[in-house]
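Written out below as structure tokens is the structure these notes cover.
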Amino acid sequence: MGISVHEDKGLFHLQSTGMSYMIQLFNDYPVHVYWGKKLRDDGNLEGMLNVGGNTGIDRLPQEYPQYGSGDFRNPAYQARLEDGTRVTELRYSSYRVLKGKPVLEGLPSVYVESEDEAETLELILKDDYAKLTVILRYTIYEGMDVIARSVQFLNEGESKLQLLRALSASVDLSAGELDMIYLAGAWAREGNLTRRRLVQGGTNIGSRRGMSGHQFNPFTALAKPGTDENQGEVFGFSLVYSGSFEAEAEVDSFGSTRFSIGLNSLDFTWQLEPGESFQTPEVIMVYSAQGIGEMSRVYHRLYRTRLCRGQYRDKERPILVNNWEATYFDFNTDKLESIAAEAAKLGIELFVLDDGWFGKRDADNSSLGDWVEDLRKLPGGLNDLAKRVNGLGLQFGLWVEPEMISPDSDLYRQHPDWCLHVPGRRRSEIRWQLVLDYSRADVREYIYESLSRIFSTIPIAYIKWDMNRCLTEVGSAQMAPERQGEIGHRYVLGLYELLEKLTVRFPKILFESCCSGGGRFDPGMLYYMPQTWTSDDTDAVERLKIQYGTSLVYPVSAMGAHVSAVPNHQVGRITPLSFRGDVAMSGNFGYELDLTKFTPEEKELVKEQVANYKGIRSLVQQGNLYRLQSPFEGNETAWMFVSDDQSEALVYYFRVMAIPNPPPRSLKLNGLNPSLNYRLEASEEVFGGDRLMQVGISLPNEQRDYVSGCYKLVAVKE
């Protein structure tokens with residue numbers, strides 16, 4: 001396994017447990033030969049490159065194609081030389097094979113804990129005229145069917161050049177029909193699973209918003225027609241990045257598909273002075289021959305254990321209550337303490353104070369940037385509140401939005417040039433706020449010192465890091481004119497630098513990312529914050545789709561999921577507390593409402609939910625997810641969690657609307673050991689794993705809307 005190089009044939013063969021990826025040199029171009037089920041490396045791999053009778057560059061399945069010298073399809077990169085020309089041609093120069101995986105400087109990436117876990121191939125390409133060197137990096141994990149790809153550009157000449165386009169990966173797949181699967185949506189309806197057949201031409205998704213965005217997640221899969229959860233070939237691409245991105249599948253006139261993904265080229269330039277380099281973000285490519293579900297489980301395992309970091313990576317996450325939908329901006333210390341006191345009685349472990357605690361923040365039109373307690377609401381400050389919460393036996397958490405600045409703030413009055421802006425142009429206010437210029441070191445240092453002062457003086461266990469608007473007027477007062485096209489990417493790099501400093505200094509704080517919900521649910525943020533607020537939409541019915549779709553690539557341990565009040569504040573729907581609880585317990589569980597308003601009966605149910613979740617959360621957060629029924633295909637949804645050793649399983653079933661005179665229904669399970677017997681805890685019945693997967697379990701036949709059920713299975717010892 002690992003990487004085999006056949007120098008005499010110009011062939012590079014990357015192998016993992018069940019996958020092969022092959023590159024061959026053709027006229028000094030690295031071209032894509034194969035990606036799929038594992039092939040034996042037996043010296044009989046020649047002759048796989050098939051370009052027909054036409055060997056022109058426009059037909060070559062290149063690994064990193066250029067534009068301007070004969071390939072008219074989507075290029076992976078473009079550079080402008082000092083003389084204004086934009087023609088480059090990269091040719092193979094040499095290669096290196098490294099044990100383990102290099103760290104990407106300044107960028108998040110997956111990692112290894114031992115060099116034996118992975119090997120890295122570096123292909124060094126050169127354009128001798130431009131003195132441009134490009135290093136293509138491929139890391140293959142031995143135990144998972146994963147390839148991590150990225151690209152580094154080096155200007156080794158004496159003249160400056162400018163990158164106009166620098167994607168992270170390009171793959172040419174041979175002729176054949178493919179479906180493109182991706183996650184689309186908007187605020188409050190993120191993660192909508194979308195699937196469409198590719199035809200000749202281009203199919204694009206992406207973001208130009210300065211963040212990965214609610215509209216499209218930086219993830220795409222290509223699947224053979226007929227591929228479903230459990231069978232068929234699928235090729236996954238996930239970009240480890242939190243800014244503007246693009247992904248395109250282009251089918252040419254011969255039926256081949258070129259897929260490319262990386263930084264969005266619109267409004268992107270990067271100047272390379274002599275001796276300077278540029279590193280692209282990383283793309284995680286996953287192959288599955290066992291359907292979409294297995295692709296997801298590979299991503300889950302990798303991201304949970306080799307992307308997320310820190311002491312919470314493998315740790316059970318606390319059950320929390322957040323005051324936002326309970327009080328919004330209208331609260332005081334006593335009101336917050338009353339919610340926390342009720343939470344303590346119910347077994348909840350963490351109280352989170354959301355927006356409104358700083359400056360003069362009585363609405364969302366002021367004070368961002370002024371990170372000082374509002375003593376009108378909190379006379380004793382945050383320390384007093386935190387001590388009261390801790391005294392009840394709960395941990396204390398806090399909301400911040402450190403990337404934004406309000407025009408009505410002391411910080412803006414002192415530093416009006418600290419926001420992203422273009423001199424002489426209107427400064428677009430969204431939600432009465434502007435975006436701080438994180439490309440500036442002085443701005444980042446101010447935020448770092450402001451937050452560090454709070455984090456180091458108050459017993460904070462959890463931080464919810466929010467971002468509530470996209471980037472406009474993307475310019476910086478400190479950057480030279482020829483570098484203004486770098487600001488969008490430099491903003492993201494500055495954010496990553498700040499997050500690295502804060503998370504290293506405060507390793508005991510559990511950080512959760514938020515961007516008006518799921519607007520920046522991406523692998524880049526997970527590298528610093530092991531969980532994300534999945535959506536501002538807390539309606540349980542809508543959450544079925546949001547959480548199902550998000551699970552296509554992201555582990556359940558990364559998904560924040562809360563029970564909120566009814567009528568729901570986003571859609572006005574009234575659903576039972578039991579239904580809301582079952583949906584939320586399929587993620588990182590919590591509540592977002594006023595616990596003091598519950599009836600005694602509701603409090604008993606909440607106490608039961610909290611106790612139940614404590615008994616199952618390790619399985620939910622660390623188990624293997626199997627999606628059984630899709631909310632995008634009907635009235636029912638089901639999924640289950642299975643332990644690594646297949647000794648435990650937890651099944652959740654949801655039916656949204658009642659069905660008149662329904663036929664008997666059963667649900668076929670997945671992921672169990674067919675040779676084991678399992679006891680259904682609720683009834684003490686024992687069933688064979690094979691029967692549960694081939695025949696299933698009987699479903700409830702209640703005549704009401706919003707039915708949910710939870711089934712715990714435990715393997716019976718002989």
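Letters A, B, ... mark the chains of the structure tokens in the order given; residue numbers begin at 1 per chain; ligand numbers begin at 1, in order shown.
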Near-Ala247 (chain A) list (6 Å; only C-alpha atoms; drop same-chain fewer than 2 positions) as a PyMOL selection string: chain A and resi 204-206+260-261
Please produce a file of those selected residues containing N, CA, C and O atoms, as an mmCIF file, in the first residue's frame.
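Dumped to result-v5.cif:
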data_model
loop_
_atom_site.group_PDB
_atom_site.id
_atom_site.type_symbol
_atom_site.label_atom_id
_atom_site.label_comp_id
_atom_site.auth_asym_id
_atom_site.auth_seq_id
_atom_site.Cartn_x
_atom_site.Cartn_y
_atom_site.Cartn_z
ATOM 1 N N ASN A 204 -21.987 24.443 -12.359
ATOM 2 C CA ASN A 204 -21.182 25.165 -11.380
ATOM 3 C C ASN A 204 -21.934 25.364 -10.079
ATOM 4 O O ASN A 204 -23.137 25.625 -10.084
ATOM 5 N N ILE A 205 -21.208 25.269 -8.977
ATOM 6 C CA ILE A 205 -21.690 25.773 -7.695
ATOM 7 C C ILE A 205 -20.555 26.583 -7.080
ATOM 8 O O ILE A 205 -19.400 26.486 -7.513
ATOM 9 N N GLY A 206 -20.867 27.378 -6.080
ATOM 10 C CA GLY A 206 -19.798 28.135 -5.443
ATOM 11 C C GLY A 206 -20.335 29.266 -4.600
ATOM 12 O O GLY A 206 -21.542 29.412 -4.387
ATOM 13 N N SER A 260 -13.279 20.358 -11.214
ATOM 14 C CA SER A 260 -12.262 21.207 -10.588
ATOM 15 C C SER A 260 -12.879 21.959 -9.424
ATOM 16 O O SER A 260 -14.074 22.288 -9.429
ATOM 17 N N ILE A 261 -12.056 22.228 -8.409
ATOM 18 C CA ILE A 261 -12.555 22.867 -7.181
ATOM 19 C C ILE A 261 -11.430 23.648 -6.530
ATOM 20 O O ILE A 261 -10.252 23.266 -6.604
#
Using only C-alpha atoms, which protein or nucleic acid residues come within 7 Å of Leu239 (chain A)? Drop anything in the same chain fewer than 3 positions from it, and give the result as a PDB file with C-alpha atoms, in the first residue's frame.
ATOM      1  CA  PRO A 218     -17.877  23.470  -0.498  1.00  0.00           C
ATOM      2  CA  PHE A 219     -18.589  19.813  -1.219  1.00  0.00           C
ATOM      3  CA  GLY A 262     -10.780  25.580  -5.208  1.00  0.00           C
ATOM      4  CA  GLU A 282      -6.666  21.411   0.508  1.00  0.00           C
ATOM      5  CA  VAL A 283      -9.256  19.200  -1.186  1.00  0.00           C
ATOM      6  CA  ILE A 284     -10.230  15.906   0.432  1.00  0.00           C
TER       7      ILE A 284
END
Arg543 (chain A) surroundings by only C-alpha atoms, 9 Å radius, close-in-sequence under 5 positions cut, as a list in words: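 Listing them by chain and then by number gives Arg189, Thr534, Ser535, Asp537, Thr538, Tyr548, Ala561, Val583 and Ala584 of chain A.
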With distances taken over only C-alpha atoms, which residue among A:Ser174, A:Asn383, A:Ser207, A:Asn670 lies nearest Lys224 (chain A)? A:Ser174
Would you list, as a PyMOL selection string, the residues of region 572-604 of chain A that end up in alpha helix (DSSP H) under DSSP run on this structure's backbone? chain A and resi 577-584+600-604
Okay, now the selection with all heavy atoms, as a short mmCIF file (atom, residue, chain, number, x, y, z; two decimals), in the first residue's frame?
data_model
loop_
_atom_site.label_atom_id
_atom_site.label_comp_id
_atom_site.auth_asym_id
_atom_site.auth_seq_id
_atom_site.Cartn_x
_atom_site.Cartn_y
_atom_site.Cartn_z
N LEU A 577 -43.02 17.96 21.93
CA LEU A 577 -41.71 18.04 22.57
C LEU A 577 -40.92 16.75 22.35
O LEU A 577 -39.70 16.79 22.18
CB LEU A 577 -41.89 18.32 24.06
CG LEU A 577 -40.63 18.48 24.90
CD1 LEU A 577 -39.71 19.57 24.35
CD2 LEU A 577 -41.01 18.79 26.37
N SER A 578 -41.62 15.62 22.32
CA SER A 578 -40.92 14.35 22.11
C SER A 578 -40.31 14.29 20.71
O SER A 578 -39.18 13.81 20.53
CB SER A 578 -41.90 13.18 22.31
OG SER A 578 -43.00 13.29 21.42
N PHE A 579 -41.03 14.76 19.70
CA PHE A 579 -40.54 14.78 18.33
C PHE A 579 -39.34 15.72 18.21
O PHE A 579 -38.31 15.37 17.62
CB PHE A 579 -41.67 15.23 17.41
CG PHE A 579 -41.38 15.13 15.93
CD1 PHE A 579 -41.65 13.96 15.24
CD2 PHE A 579 -40.86 16.21 15.23
CE1 PHE A 579 -41.40 13.87 13.87
CE2 PHE A 579 -40.60 16.13 13.87
CZ PHE A 579 -40.87 14.95 13.19
N ARG A 580 -39.47 16.91 18.79
CA ARG A 580 -38.35 17.87 18.76
C ARG A 580 -37.12 17.29 19.45
O ARG A 580 -35.98 17.46 19.00
CB ARG A 580 -38.77 19.17 19.46
CG ARG A 580 -39.68 20.06 18.65
CD ARG A 580 -40.15 21.26 19.46
NE ARG A 580 -41.30 20.96 20.28
CZ ARG A 580 -41.65 21.61 21.38
NH1 ARG A 580 -40.89 22.60 21.83
NH2 ARG A 580 -42.73 21.27 22.04
N GLY A 581 -37.35 16.59 20.56
CA GLY A 581 -36.23 16.01 21.29
C GLY A 581 -35.51 14.93 20.51
O GLY A 581 -34.28 14.88 20.47
N ASP A 582 -36.27 14.05 19.84
CA ASP A 582 -35.64 12.97 19.08
C ASP A 582 -34.81 13.52 17.92
O ASP A 582 -33.73 12.99 17.61
CB ASP A 582 -36.71 12.01 18.55
CG ASP A 582 -37.26 11.10 19.64
OD1 ASP A 582 -36.58 10.94 20.68
OD2 ASP A 582 -38.35 10.54 19.46
N VAL A 583 -35.30 14.56 17.26
CA VAL A 583 -34.52 15.17 16.18
C VAL A 583 -33.24 15.79 16.73
O VAL A 583 -32.15 15.58 16.19
CB VAL A 583 -35.35 16.23 15.42
CG1 VAL A 583 -34.48 16.94 14.38
CG2 VAL A 583 -36.56 15.59 14.75
N ALA A 584 -33.36 16.54 17.81
CA ALA A 584 -32.19 17.22 18.36
C ALA A 584 -31.19 16.25 18.97
O ALA A 584 -29.98 16.49 18.95
CB ALA A 584 -32.63 18.25 19.41
N PRO A 600 -45.09 21.32 34.51
CA PRO A 600 -44.44 20.21 35.24
C PRO A 600 -44.29 18.95 34.39
O PRO A 600 -43.28 18.25 34.48
CB PRO A 600 -45.38 19.99 36.43
CG PRO A 600 -46.03 21.32 36.65
CD PRO A 600 -46.19 21.92 35.29
N GLU A 601 -45.29 18.66 33.56
CA GLU A 601 -45.21 17.47 32.71
C GLU A 601 -44.09 17.62 31.68
O GLU A 601 -43.36 16.66 31.40
CB GLU A 601 -46.55 17.24 31.99
CG GLU A 601 -47.70 16.87 32.90
CD GLU A 601 -48.27 18.08 33.66
OE1 GLU A 601 -47.98 19.24 33.25
OE2 GLU A 601 -48.97 17.86 34.67
N GLU A 602 -43.96 18.81 31.11
CA GLU A 602 -42.89 19.04 30.13
C GLU A 602 -41.52 18.96 30.79
O GLU A 602 -40.57 18.43 30.20
CB GLU A 602 -43.09 20.40 29.47
CG GLU A 602 -44.26 20.45 28.50
CD GLU A 602 -44.56 21.85 28.00
OE1 GLU A 602 -44.38 22.82 28.78
OE2 GLU A 602 -44.98 22.00 26.84
N LYS A 603 -41.42 19.46 32.00
CA LYS A 603 -40.13 19.39 32.70
C LYS A 603 -39.73 17.94 32.95
O LYS A 603 -38.55 17.59 32.85
CB LYS A 603 -40.20 20.17 34.01
CG LYS A 603 -40.26 21.68 33.82
CD LYS A 603 -40.37 22.41 35.16
CE LYS A 603 -40.49 23.91 34.95
NZ LYS A 603 -40.64 24.65 36.22
N GLU A 604 -40.69 17.11 33.26
CA GLU A 604 -40.38 15.69 33.47
C GLU A 604 -39.89 15.05 32.18
O GLU A 604 -38.97 14.23 32.18
CB GLU A 604 -41.61 14.96 34.00
CG GLU A 604 -41.88 15.20 35.48
CD GLU A 604 -40.69 14.81 36.35
OE1 GLU A 604 -40.17 13.67 36.18
OE2 GLU A 604 -40.27 15.63 37.18
#
Counting only C-alpha atoms, what is within 9 Å of Lys38 (chain A), bar same-chain residues fewer than 2 positions away, as number ranges by chain? A: 15-21, 35-36, 40
Would you write out those residues with C-alpha atoms, as a tab-separated table (two decimals), in the first residue's frame?
chain	number	residue	atom	x	y	z
A	15	GLN	CA	-3.02	2.77	-3.09
A	16	SER	CA	-5.09	2.58	0.08
A	17	THR	CA	-7.20	-0.21	1.59
A	18	GLY	CA	-9.72	-0.32	-1.23
A	19	MET	CA	-8.70	2.35	-3.75
A	20	SER	CA	-6.14	3.09	-6.45
A	21	TYR	CA	-5.29	6.46	-8.01
A	35	TRP	CA	-9.32	6.41	-9.91
A	36	GLY	CA	-11.44	3.61	-8.51
A	40	ARG	CA	-2.78	-4.83	-7.92
Contacts of Ser170 (chain A) at 8 Å (only C-alpha atoms; same-chain gap of 6+ positions) as an mmCIF file with N, CA, C and O atoms, in the first residue's frame:
data_model
loop_
_atom_site.group_PDB
_atom_site.id
_atom_site.type_symbol
_atom_site.label_atom_id
_atom_site.label_comp_id
_atom_site.auth_asym_id
_atom_site.auth_seq_id
_atom_site.Cartn_x
_atom_site.Cartn_y
_atom_site.Cartn_z
ATOM 1 N N GLN A 62 -5.559 15.806 -18.055
ATOM 2 C CA GLN A 62 -4.445 16.361 -17.284
ATOM 3 C C GLN A 62 -4.761 16.429 -15.788
ATOM 4 O O GLN A 62 -5.912 16.630 -15.386
ATOM 5 N N GLU A 63 -3.708 16.310 -15.000
ATOM 6 C CA GLU A 63 -3.848 16.436 -13.549
ATOM 7 C C GLU A 63 -3.929 17.887 -13.098
ATOM 8 O O GLU A 63 -4.541 18.191 -12.071
ATOM 9 N N TYR A 64 -3.312 18.793 -13.838
ATOM 10 C CA TYR A 64 -3.380 20.206 -13.455
ATOM 11 C C TYR A 64 -3.284 21.051 -14.728
ATOM 12 O O TYR A 64 -2.223 21.569 -15.083
ATOM 13 N N PRO A 65 -4.395 21.179 -15.444
ATOM 14 C CA PRO A 65 -4.383 21.777 -16.781
ATOM 15 C C PRO A 65 -4.231 23.300 -16.771
ATOM 16 O O PRO A 65 -4.687 23.984 -15.859
ATOM 17 N N ALA A 76 -7.033 24.736 -14.451
ATOM 18 C CA ALA A 76 -6.849 24.692 -12.997
ATOM 19 C C ALA A 76 -6.154 25.940 -12.476
ATOM 20 O O ALA A 76 -6.259 26.252 -11.287
ATOM 21 N N ARG A 258 -14.513 16.835 -16.596
ATOM 22 C CA ARG A 258 -13.435 17.467 -15.826
ATOM 23 C C ARG A 258 -14.066 18.138 -14.620
ATOM 24 O O ARG A 258 -14.906 19.036 -14.758
ATOM 25 N N PHE A 259 -13.638 17.700 -13.434
ATOM 26 C CA PHE A 259 -14.130 18.328 -12.204
ATOM 27 C C PHE A 259 -12.990 19.112 -11.574
ATOM 28 O O PHE A 259 -11.879 18.603 -11.415
ATOM 29 N N SER A 260 -13.279 20.358 -11.214
ATOM 30 C CA SER A 260 -12.262 21.207 -10.588
ATOM 31 C C SER A 260 -12.879 21.959 -9.424
ATOM 32 O O SER A 260 -14.074 22.288 -9.429
ATOM 33 N N ILE A 261 -12.056 22.228 -8.409
ATOM 34 C CA ILE A 261 -12.555 22.867 -7.181
ATOM 35 C C ILE A 261 -11.430 23.648 -6.530
ATOM 36 O O ILE A 261 -10.252 23.266 -6.604
#
Residues flagged strand (DSSP E or B) by DSSP in region 390-584 of chain A, as an MDAnalysis selection string: chainID A and resid 395:400 404:405 419 430 433:436 462:465 510:513 515 518 531:533 559:564
So that I can check the surroundings of region 275-281 of chain A, please list as a list in words every protein, DNA and RNA residue that reaches within 6 Å of it, counting only C-alpha atoms and ignoring chain neighbours fewer than 2 positions away. Ser150, Val151, Gln152, Phe153, Leu154, Asn155, Glu156, Ser168, Leu272 and Glu273 of chain A
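Using only C-alpha atoms, the smallest distance between any of A:Val110, A:Ile447, A:Ile463, A:Leu45 and Glu497 (chain A) comes from A:Ile447.
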May I have a table of the residues of region 266-352 of chain A lying at most 12 Å from region 474-482 of chain A, giving each one's closest pair of atoms and their distance in Å to one decimal, counting only C-alpha atoms, ordered by chain and ascending residue number, as JSON lines?
{"residue": "A:Asp267", "atom": "CA", "partner": "A:Val474", "partner_atom": "CA", "distance": 9.3}
{"residue": "A:Phe268", "atom": "CA", "partner": "A:Val474", "partner_atom": "CA", "distance": 10.9}
{"residue": "A:Thr269", "atom": "CA", "partner": "A:Glu482", "partner_atom": "CA", "distance": 8.8}
{"residue": "A:Trp270", "atom": "CA", "partner": "A:Glu482", "partner_atom": "CA", "distance": 8.8}
{"residue": "A:Gln271", "atom": "CA", "partner": "A:Glu482", "partner_atom": "CA", "distance": 7.6}
{"residue": "A:Leu272", "atom": "CA", "partner": "A:Glu482", "partner_atom": "CA", "distance": 11.0}
{"residue": "A:Glu273", "atom": "CA", "partner": "A:Glu482", "partner_atom": "CA", "distance": 11.8}
Once you have the residues from the selection above, write them out as a PDB file, in the first residue's frame, restricted to N, CA, C and O atoms.
ATOM      1  N   ASP A 267     -12.596  38.004  -8.819  1.00  0.00           N
ATOM      2  CA  ASP A 267     -12.021  39.004  -7.916  1.00  0.00           C
ATOM      3  C   ASP A 267     -10.834  38.450  -7.124  1.00  0.00           C
ATOM      4  O   ASP A 267     -10.518  38.937  -6.040  1.00  0.00           O
ATOM      5  N   PHE A 268     -10.189  37.410  -7.665  1.00  0.00           N
ATOM      6  CA  PHE A 268      -8.982  36.870  -7.025  1.00  0.00           C
ATOM      7  C   PHE A 268      -7.767  37.142  -7.889  1.00  0.00           C
ATOM      8  O   PHE A 268      -7.758  36.830  -9.078  1.00  0.00           O
ATOM      9  N   THR A 269      -6.772  37.738  -7.296  1.00  0.00           N
ATOM     10  CA  THR A 269      -5.422  37.785  -7.866  1.00  0.00           C
ATOM     11  C   THR A 269      -4.449  37.631  -6.711  1.00  0.00           C
ATOM     12  O   THR A 269      -4.787  37.922  -5.557  1.00  0.00           O
ATOM     13  N   TRP A 270      -3.264  37.157  -7.029  1.00  0.00           N
ATOM     14  CA  TRP A 270      -2.230  37.044  -5.995  1.00  0.00           C
ATOM     15  C   TRP A 270      -0.870  37.313  -6.633  1.00  0.00           C
ATOM     16  O   TRP A 270      -0.479  36.617  -7.558  1.00  0.00           O
ATOM     17  N   GLN A 271      -0.214  38.352  -6.161  1.00  0.00           N
ATOM     18  CA  GLN A 271       1.073  38.739  -6.742  1.00  0.00           C
ATOM     19  C   GLN A 271       2.205  37.963  -6.088  1.00  0.00           C
ATOM     20  O   GLN A 271       2.325  37.933  -4.858  1.00  0.00           O
ATOM     21  N   LEU A 272       3.022  37.356  -6.920  1.00  0.00           N
ATOM     22  CA  LEU A 272       4.200  36.632  -6.445  1.00  0.00           C
ATOM     23  C   LEU A 272       5.447  37.396  -6.856  1.00  0.00           C
ATOM     24  O   LEU A 272       5.795  37.458  -8.042  1.00  0.00           O
ATOM     25  N   GLU A 273       6.090  37.992  -5.869  1.00  0.00           N
ATOM     26  CA  GLU A 273       7.388  38.612  -6.117  1.00  0.00           C
ATOM     27  C   GLU A 273       8.432  37.508  -6.265  1.00  0.00           C
ATOM     28  O   GLU A 273       8.192  36.363  -5.855  1.00  0.00           O
TER      29      GLU A 273
END
Given only C-alpha atoms as the basis, pick out the residue of A:Leu81, A:Ala340, A:Met22, A:Ala638 nearest to Glu592 (chain A).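 Among the listed residues, the smallest separation from Glu592 (chain A) belongs to A:Ala340.
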So, with only C-alpha atoms as the atoms that count, which of A:Ile348, A:Ala326, A:Ala558, A:Leu90 lies closest to Thr305 (chain A)?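 Of A:Ile348, A:Ala326, A:Ala558, A:Leu90, the one nearest Thr305 (chain A), counting only C-alpha atoms, is A:Ala558.
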Can you measure CA of Arg306 (chain A) to CA of Glu117 (chain A) for me? One decimal in Å is fine.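 Pair CA of Arg306 (chain A) / CA of Glu117 (chain A) returns 10.7 Å.
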